[in-house]
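Pasting model07.pdb here (PDB, C-alpha atoms):
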```
MODEL        1
ATOM      1  CA  MET A   1     148.360  50.651  88.285
ATOM      2  CA  ALA A   2     146.424  53.904  88.818
ATOM      3  CA  THR A   3     142.757  53.609  89.629
ATOM      4  CA  THR A   4     140.233  56.274  88.760
ATOM      5  CA  LEU A   5     138.034  57.587  91.532
ATOM      6  CA  PRO A   6     134.263  57.134  91.243
ATOM      7  CA  VAL A   7     132.343  60.046  89.757
ATOM      8  CA  PRO A   8     130.869  62.288  92.518
ATOM      9  CA  LEU A   9     127.100  61.936  92.865
ATOM     10  CA  VAL A  10     124.421  64.513  93.581
ATOM     11  CA  LEU A  11     121.257  62.969  95.027
ATOM     12  CA  ALA A  12     118.308  65.041  93.806
ATOM     13  CA  SER A  13     116.096  64.035  96.724
ATOM     14  CA  SER A  14     115.649  64.958 100.364
ATOM     15  CA  SER A  15     114.289  61.460 101.134
ATOM     16  CA  PRO A  16     116.257  59.774 103.935
ATOM     17  CA  ARG A  17     115.076  56.399 102.598
ATOM     18  CA  ARG A  18     116.780  56.975  99.241
ATOM     19  CA  ARG A  19     120.009  57.942 101.037
ATOM     20  CA  GLU A  20     119.829  54.781 103.171
ATOM     21  CA  LEU A  21     119.242  52.578 100.121
ATOM     22  CA  LEU A  22     122.238  54.107  98.302
ATOM     23  CA  VAL A  23     124.444  53.480 101.336
ATOM     24  CA  GLN A  24     123.226  49.857 101.292
ATOM     25  CA  ILE A  25     124.865  49.408  97.857
ATOM     26  CA  GLY A  26     128.032  51.276  98.857
ATOM     27  CA  VAL A  27     127.230  54.698  97.390
ATOM     28  CA  THR A  28     127.448  57.866  99.470
ATOM     29  CA  PRO A  29     126.211  60.986  97.671
ATOM     30  CA  THR A  30     128.706  63.857  97.587
ATOM     31  CA  ARG A  31     125.829  66.244  98.202
ATOM     32  CA  ILE A  32     122.041  66.421  98.428
ATOM     33  CA  ALA A  33     119.947  68.846  96.351
ATOM     34  CA  SER A  34     116.168  69.071  96.623
ATOM     35  CA  PRO A  35     114.579  69.768  93.235
ATOM     36  CA  ASP A  36     111.736  72.270  93.095
ATOM     37  CA  ILE A  37     109.315  71.208  90.361
ATOM     38  CA  ASP A  38     105.566  71.090  89.763
ATOM     39  CA  GLU A  39     104.521  67.512  90.568
ATOM     40  CA  THR A  40     100.955  67.803  89.292
ATOM     41  CA  PRO A  41     100.055  64.918  86.944
ATOM     42  CA  ALA A  42      99.084  66.028  83.440
ATOM     43  CA  ARG A  43      95.470  65.463  82.444
ATOM     44  CA  GLY A  44      95.055  61.801  81.481
ATOM     45  CA  GLU A  45      98.707  60.993  82.257
ATOM     46  CA  LEU A  46      99.242  57.321  83.064
ATOM     47  CA  PRO A  47     101.149  56.312  86.229
ATOM     48  CA  ARG A  48     104.133  54.786  84.377
ATOM     49  CA  ALA A  49     104.666  57.884  82.191
ATOM     50  CA  TYR A  50     104.143  60.194  85.164
ATOM     51  CA  ALA A  51     106.800  58.428  87.284
ATOM     52  CA  LEU A  52     109.373  58.613  84.468
ATOM     53  CA  ARG A  53     108.575  62.266  83.757
ATOM     54  CA  MET A  54     108.920  63.219  87.425
ATOM     55  CA  ALA A  55     112.265  61.423  87.872
ATOM     56  CA  THR A  56     113.633  63.020  84.702
ATOM     57  CA  GLN A  57     112.440  66.520  85.590
ATOM     58  CA  LYS A  58     113.865  66.237  89.113
ATOM     59  CA  ALA A  59     117.274  65.205  87.722
ATOM     60  CA  LEU A  60     117.254  68.130  85.294
ATOM     61  CA  ALA A  61     116.112  70.623  87.950
ATOM     62  CA  VAL A  62     119.246  70.548  90.127
ATOM     63  CA  ASN A  63     122.548  72.294  89.420
ATOM     64  CA  ARG A  64     125.333  69.917  88.433
ATOM     65  CA  ALA A  65     129.051  70.641  88.280
ATOM     66  CA  GLN A  66     130.872  69.409  85.166
ATOM     67  CA  ASP A  67     132.410  66.395  86.901
ATOM     68  CA  GLU A  68     129.264  65.347  88.800
ATOM     69  CA  ALA A  69     126.501  62.837  88.123
ATOM     70  CA  VAL A  70     122.917  63.345  89.328
ATOM     71  CA  LEU A  71     120.446  60.722  90.534
ATOM     72  CA  ALA A  72     116.733  61.423  90.962
ATOM     73  CA  GLY A  73     113.806  59.127  91.651
ATOM     74  CA  ASP A  74     110.049  59.127  91.857
ATOM     75  CA  THR A  75     107.662  56.551  93.278
ATOM     76  CA  VAL A  76     104.026  56.340  92.207
ATOM     77  CA  VAL A  77     101.323  54.143  93.739
ATOM     78  CA  ALA A  78      98.509  53.358  91.320
ATOM     79  CA  VAL A  79      95.211  51.515  91.287
ATOM     80  CA  GLY A  80      94.481  50.846  87.633
ATOM     81  CA  ARG A  81      95.048  54.149  85.803
ATOM     82  CA  ARG A  82      94.510  56.172  88.980
ATOM     83  CA  ILE A  83      97.547  57.791  90.603
ATOM     84  CA  LEU A  84      97.192  57.885  94.385
ATOM     85  CA  PRO A  85      98.371  61.073  96.091
ATOM     86  CA  ARG A  86     101.062  61.577  98.691
ATOM     87  CA  ALA A  87      98.925  61.444 101.802
ATOM     88  CA  ALA A  88      98.946  64.910 103.373
ATOM     89  CA  ASP A  89      97.248  63.937 106.631
ATOM     90  CA  ALA A  90      95.626  61.097 108.572
ATOM     91  CA  ALA A  91      92.352  61.414 106.646
ATOM     92  CA  ALA A  92      94.196  60.996 103.332
ATOM     93  CA  VAL A  93      96.102  57.964 104.698
ATOM     94  CA  ALA A  94      92.794  56.365 105.737
ATOM     95  CA  ALA A  95      91.252  57.089 102.319
ATOM     96  CA  CYS A  96      94.211  55.474 100.502
ATOM     97  CA  LEU A  97      94.202  52.379 102.729
ATOM     98  CA  THR A  98      90.443  51.979 102.366
ATOM     99  CA  LEU A  99      90.937  51.941  98.587
ATOM    100  CA  LEU A 100      93.902  49.508  98.758
ATOM    101  CA  SER A 101      92.276  47.136 101.265
ATOM    102  CA  GLY A 102      91.911  43.594  99.909
ATOM    103  CA  ARG A 103      93.039  44.469  96.402
ATOM    104  CA  ARG A 104      96.007  44.544  94.085
ATOM    105  CA  HIS A 105      97.869  47.710  93.168
ATOM    106  CA  ARG A 106     101.072  48.714  91.386
ATOM    107  CA  VAL A 107     104.058  50.765  92.462
ATOM    108  CA  PHE A 108     106.080  52.399  89.691
ATOM    109  CA  SER A 109     109.525  53.515  90.829
ATOM    110  CA  ALA A 110     111.439  55.526  88.230
ATOM    111  CA  ILE A 111     115.033  56.686  88.393
ATOM    112  CA  ALA A 112     116.954  59.074  86.178
ATOM    113  CA  VAL A 113     120.726  59.525  86.128
ATOM    114  CA  ILE A 114     122.623  62.293  84.354
ATOM    115  CA  ASP A 115     126.280  61.322  83.963
ATOM    116  CA  ALA A 116     129.294  63.648  84.068
ATOM    117  CA  ASP A 117     129.025  64.109  80.271
ATOM    118  CA  GLY A 118     125.407  65.287  80.590
ATOM    119  CA  LEU A 119     123.839  62.111  79.166
ATOM    120  CA  LEU A 120     120.516  61.263  80.820
ATOM    121  CA  ARG A 121     119.386  57.669  81.251
ATOM    122  CA  ALA A 122     116.142  56.553  82.932
ATOM    123  CA  ARG A 123     114.710  53.231  84.064
ATOM    124  CA  LEU A 124     111.447  52.102  85.596
ATOM    125  CA  SER A 125     110.667  49.354  88.105
ATOM    126  CA  GLU A 126     107.124  48.001  88.361
ATOM    127  CA  THR A 127     106.001  46.083  91.451
ATOM    128  CA  VAL A 128     102.621  44.446  92.000
ATOM    129  CA  LEU A 129     101.376  44.259  95.598
ATOM    130  CA  THR A 130      98.296  42.733  97.142
ATOM    131  CA  PHE A 131      97.060  44.033 100.485
ATOM    132  CA  LYS A 132      95.075  41.880 102.852
ATOM    133  CA  ARG A 133      91.561  43.021 103.673
ATOM    134  CA  LEU A 134      92.022  45.704 106.321
ATOM    135  CA  HIS A 135      89.679  46.144 109.259
ATOM    136  CA  ARG A 136      88.586  49.729 109.791
ATOM    137  CA  ASP A 137      90.264  49.685 113.234
ATOM    138  CA  GLU A 138      93.576  48.762 111.559
ATOM    139  CA  ILE A 139      93.141  51.606 109.086
ATOM    140  CA  ALA A 140      92.298  54.066 111.869
ATOM    141  CA  ALA A 141      95.281  52.976 113.989
ATOM    142  CA  TYR A 142      97.701  53.212 111.065
ATOM    143  CA  ALA A 143      96.363  56.607 110.014
ATOM    144  CA  ALA A 144      96.710  57.868 113.609
ATOM    145  CA  SER A 145     100.332  56.647 113.811
ATOM    146  CA  GLY A 146     101.466  59.243 111.271
ATOM    147  CA  GLU A 147     103.681  56.716 109.471
ATOM    148  CA  GLY A 148     101.836  57.022 106.159
ATOM    149  CA  GLU A 149     101.776  60.813 106.018
ATOM    150  CA  GLY A 150     103.810  62.240 103.159
ATOM    151  CA  LYS A 151     104.071  58.801 101.550
ATOM    152  CA  ALA A 152     102.820  57.885  98.073
ATOM    153  CA  GLY A 153      99.632  55.854  98.506
ATOM    154  CA  GLY A 154      99.546  56.619 102.240
ATOM    155  CA  TYR A 155     101.818  53.828 103.478
ATOM    156  CA  ALA A 156     105.473  53.010 104.162
ATOM    157  CA  ILE A 157     106.302  49.381 103.365
ATOM    158  CA  GLN A 158     109.506  49.610 105.443
ATOM    159  CA  GLY A 159     107.358  50.292 108.533
ATOM    160  CA  THR A 160     104.377  48.569 110.126
ATOM    161  CA  ALA A 161     102.498  48.634 106.795
ATOM    162  CA  ALA A 162     104.605  45.570 105.921
ATOM    163  CA  LEU A 163     101.919  43.683 107.900
ATOM    164  CA  PHE A 164      99.345  44.605 105.229
ATOM    165  CA  VAL A 165     101.250  43.053 102.301
ATOM    166  CA  ARG A 166      99.898  39.611 101.415
ATOM    167  CA  ALA A 167     101.922  39.316  98.188
ATOM    168  CA  LEU A 168     104.628  41.277  96.412
ATOM    169  CA  MET A 169     106.012  40.631  92.937
ATOM    170  CA  GLY A 170     108.834  42.921  91.858
ATOM    171  CA  SER A 171     111.243  45.191  93.724
ATOM    172  CA  HIS A 172     110.838  45.684  97.483
ATOM    173  CA  SER A 173     113.435  48.491  97.428
ATOM    174  CA  GLY A 174     111.484  50.105  94.571
ATOM    175  CA  VAL A 175     108.419  50.306  96.800
ATOM    176  CA  VAL A 176     110.557  51.898  99.537
ATOM    177  CA  GLY A 177     111.671  54.504  96.995
ATOM    178  CA  LEU A 178     114.705  53.377  94.992
ATOM    179  CA  PRO A 179     114.835  50.178  92.900
ATOM    180  CA  LEU A 180     118.374  49.021  93.647
ATOM    181  CA  TYR A 181     118.905  46.741  90.637
ATOM    182  CA  GLU A 182     118.022  49.493  88.153
ATOM    183  CA  THR A 183     119.927  52.054  90.231
ATOM    184  CA  GLY A 184     123.052  49.877  90.165
ATOM    185  CA  VAL A 185     122.866  49.503  86.381
ATOM    186  CA  LEU A 186     122.558  53.260  85.796
ATOM    187  CA  LEU A 187     125.163  54.270  88.384
ATOM    188  CA  GLY A 188     127.545  51.702  86.928
ATOM    189  CA  ALA A 189     127.058  53.184  83.439
ATOM    190  CA  ALA A 190     127.681  56.670  84.874
ATOM    191  CA  GLY A 191     130.946  55.628  86.578
ATOM    192  CA  VAL A 192     129.575  56.239  90.088
ATOM    193  CA  LEU A 193     129.430  52.579  91.112
ATOM    194  CA  ARG A 194     132.324  50.256  90.465
ATOM    195  CA  HIS A 195     131.243  46.748  89.512
ATOM    196  CA  HIS A 196     133.067  43.974  91.326
ATOM    197  CA  GLY A 197     134.001  40.527  90.102
TER
ENDMDL
END
```

Now that the file is in, can you turn its structure into structure tokens?
Amino acid sequence: MATTLPVPLVLASSSPRRRELLVQIGVTPTRIASPDIDETPARGELPRAYALRMATQKALAVNRAQDEAVLAGDTVVAVGRRILPRAADAAAVAACLTLLSGRRHRVFSAIAVIDADGLLRARLSETVLTFKRLHRDEIAAYAASGEGEGKAGGYAIQGTAALFVRALMGSHSGVVGLPLYETGVLLGAAGVLRHHG
């Protein structure tokens, strides 16, 4: 019996973490394309809506051949209605961690998949995290390490910031940058991931 090959996948992200997470579930992108879009939140835009809009716009921003599917993602760290920035430098990392210290926050991880027929589907993962109360020396040391630079909310949960997490309810992989359950559902629907069993 002939078997059809999986649909080739374009990953619309230059994030090595997203590539690693895809490999974890047996998916190797055919190619990588970095979308170039304006990532400024709209005035009054809520974190959930912003994450979904960014993932969708990134998926639409890359060129796709007729037989290809596209996957894009966006991860947003939020305290209440406030969207925390990607920390540009050590000072921004320290400011984010000072805000997150001893309190609960949410991480919204959105993914969008365009299948080979051009149909776009999107899903959102929401994770609630509680950080322990951080001593200012811990904040200073983490900020100086450089690990949180370029990361949403100023931390990388897959690194030493895992020591800050007192509780997590939701998707650990979503906090890293790609919620694998939701990703599997959408890639399965797009013919990229073959379901077993």

Practice task
Between CA of Gly177 in chain A and CA of Leu22 in chain A, measure the distance and give it in Å to one decimal.
Solution key: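 Spanning CA of Gly177 in chain A to CA of Leu22 in chain A is a straight-line distance of 10.7 Å.
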
Handout entry: Resolved residues for the PyMOL selection byres ((chain A and resi 146) around 12) as a list in words
Key = Ala87, Ala88, Asp89, Ala90, Ala91, Ala92, Val93, Ala94, Ile139, Ala140, Ala141, Tyr142, Ala143, Ala144, Ser145, Glu147, Gly148, Glu149, Gly150, Lys151, Gly154, Tyr155, Ala156, Gly159, Thr160 and Ala161 of chain A

Using the chain letters and numbers from this file, what does the PyMOL selection byres ((chain A and resi 179-194) around 10) select? Give the answer as a PDB file with C-alpha atoms, keeping the file's coordinate frame.
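Wrote part.pdb, looks like this:
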```
ATOM      1  CA  THR A   4     140.233  56.274  88.760  1.00  0.00           C
ATOM      2  CA  LEU A   5     138.034  57.587  91.532  1.00  0.00           C
ATOM      3  CA  PRO A   6     134.263  57.134  91.243  1.00  0.00           C
ATOM      4  CA  VAL A   7     132.343  60.046  89.757  1.00  0.00           C
ATOM      5  CA  PRO A   8     130.869  62.288  92.518  1.00  0.00           C
ATOM      6  CA  LEU A   9     127.100  61.936  92.865  1.00  0.00           C
ATOM      7  CA  ARG A  18     116.780  56.975  99.241  1.00  0.00           C
ATOM      8  CA  LEU A  21     119.242  52.578 100.121  1.00  0.00           C
ATOM      9  CA  LEU A  22     122.238  54.107  98.302  1.00  0.00           C
ATOM     10  CA  GLN A  24     123.226  49.857 101.292  1.00  0.00           C
ATOM     11  CA  ILE A  25     124.865  49.408  97.857  1.00  0.00           C
ATOM     12  CA  GLY A  26     128.032  51.276  98.857  1.00  0.00           C
ATOM     13  CA  VAL A  27     127.230  54.698  97.390  1.00  0.00           C
ATOM     14  CA  THR A  28     127.448  57.866  99.470  1.00  0.00           C
ATOM     15  CA  PRO A  29     126.211  60.986  97.671  1.00  0.00           C
ATOM     16  CA  GLU A  68     129.264  65.347  88.800  1.00  0.00           C
ATOM     17  CA  ALA A  69     126.501  62.837  88.123  1.00  0.00           C
ATOM     18  CA  VAL A  70     122.917  63.345  89.328  1.00  0.00           C
ATOM     19  CA  LEU A  71     120.446  60.722  90.534  1.00  0.00           C
ATOM     20  CA  ALA A  72     116.733  61.423  90.962  1.00  0.00           C
ATOM     21  CA  GLY A  73     113.806  59.127  91.651  1.00  0.00           C
ATOM     22  CA  THR A  75     107.662  56.551  93.278  1.00  0.00           C
ATOM     23  CA  PHE A 108     106.080  52.399  89.691  1.00  0.00           C
ATOM     24  CA  SER A 109     109.525  53.515  90.829  1.00  0.00           C
ATOM     25  CA  ALA A 110     111.439  55.526  88.230  1.00  0.00           C
ATOM     26  CA  ILE A 111     115.033  56.686  88.393  1.00  0.00           C
ATOM     27  CA  ALA A 112     116.954  59.074  86.178  1.00  0.00           C
ATOM     28  CA  VAL A 113     120.726  59.525  86.128  1.00  0.00           C
ATOM     29  CA  ILE A 114     122.623  62.293  84.354  1.00  0.00           C
ATOM     30  CA  ASP A 115     126.280  61.322  83.963  1.00  0.00           C
ATOM     31  CA  ALA A 116     129.294  63.648  84.068  1.00  0.00           C
ATOM     32  CA  ASP A 117     129.025  64.109  80.271  1.00  0.00           C
ATOM     33  CA  GLY A 118     125.407  65.287  80.590  1.00  0.00           C
ATOM     34  CA  LEU A 119     123.839  62.111  79.166  1.00  0.00           C
ATOM     35  CA  LEU A 120     120.516  61.263  80.820  1.00  0.00           C
ATOM     36  CA  ARG A 121     119.386  57.669  81.251  1.00  0.00           C
ATOM     37  CA  ALA A 122     116.142  56.553  82.932  1.00  0.00           C
ATOM     38  CA  ARG A 123     114.710  53.231  84.064  1.00  0.00           C
ATOM     39  CA  LEU A 124     111.447  52.102  85.596  1.00  0.00           C
ATOM     40  CA  SER A 125     110.667  49.354  88.105  1.00  0.00           C
ATOM     41  CA  GLU A 126     107.124  48.001  88.361  1.00  0.00           C
ATOM     42  CA  THR A 127     106.001  46.083  91.451  1.00  0.00           C
ATOM     43  CA  GLY A 170     108.834  42.921  91.858  1.00  0.00           C
ATOM     44  CA  SER A 171     111.243  45.191  93.724  1.00  0.00           C
ATOM     45  CA  HIS A 172     110.838  45.684  97.483  1.00  0.00           C
ATOM     46  CA  SER A 173     113.435  48.491  97.428  1.00  0.00           C
ATOM     47  CA  GLY A 174     111.484  50.105  94.571  1.00  0.00           C
ATOM     48  CA  VAL A 175     108.419  50.306  96.800  1.00  0.00           C
ATOM     49  CA  VAL A 176     110.557  51.898  99.537  1.00  0.00           C
ATOM     50  CA  GLY A 177     111.671  54.504  96.995  1.00  0.00           C
ATOM     51  CA  LEU A 178     114.705  53.377  94.992  1.00  0.00           C
ATOM     52  CA  HIS A 195     131.243  46.748  89.512  1.00  0.00           C
ATOM     53  CA  HIS A 196     133.067  43.974  91.326  1.00  0.00           C
ATOM     54  CA  GLY A 197     134.001  40.527  90.102  1.00  0.00           C
TER      55      GLY A 197
END
```

Practice task
Determine the residue membership of the PyMOL selection byres ((chain A and resi 34) around 9) for the file above and supply it as a list in words.
Solution key: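 So the PyMOL selection byres ((chain A and resi 34) around 9) ends up selecting Leu11, Ala12, Ser13, Ser14, Ile32, Ala33, Pro35, Asp36, Lys58, Ala61 and Val62 of chain A.
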
Handout entry: Two-atom distance - CA of Leu52 in chain A, CA of Ala167 in chain A (Å)
Key =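 Straight-line distance from CA of Leu52 in chain A to CA of Ala167 in chain A works out to 24.8 Å.
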
Practice task
Mind giving me the straight-line distance from CA of Thr130 in chain A to CA of Thr98 in chain A in Å, one decimal?
Solution key: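 Rounded to one decimal, the two atoms are 13.2 Å apart.
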
Exercise for the section: Please return, as a ChimeraX atom specification, all polymer residues that have at least one atom within 9 Å of the point (97.8, 61.4, 90.7); use only C-alpha atoms and the file's own coordinate frame. Expected result: /A:40-42,45-47,50,76-78,82-86

Problem - Counting all atoms listed in the file, the residue of A:Leu134, A:Ile157, A:Val79, A:Ala162 that sits nearest Gly102 in chain A - result: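 Comparing A:Leu134, A:Ile157, A:Val79, A:Ala162 against Gly102 in chain A, the winner is A:Leu134.
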
Around all the atoms of range 82-94 of chain A listed in the file, with 6 Å of room on each side, what axis-aligned box do you get, giving centre and edge lengths in Å to one decimal, as lines of an AutoDock Vina configuration file?
```
center_x = 96.7
center_y = 60.5
center_z = 98.8
size_x = 20.7
size_y = 20.7
size_z = 31.6
```

Practice task
Pick out the closest residue to Arg106 in chain A from this set: A:Arg64, A:Arg81, A:Arg19, A:Arg166. Count all atoms listed in the file.
Solution key: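 The closest residue to Arg106 in chain A is A:Arg81.
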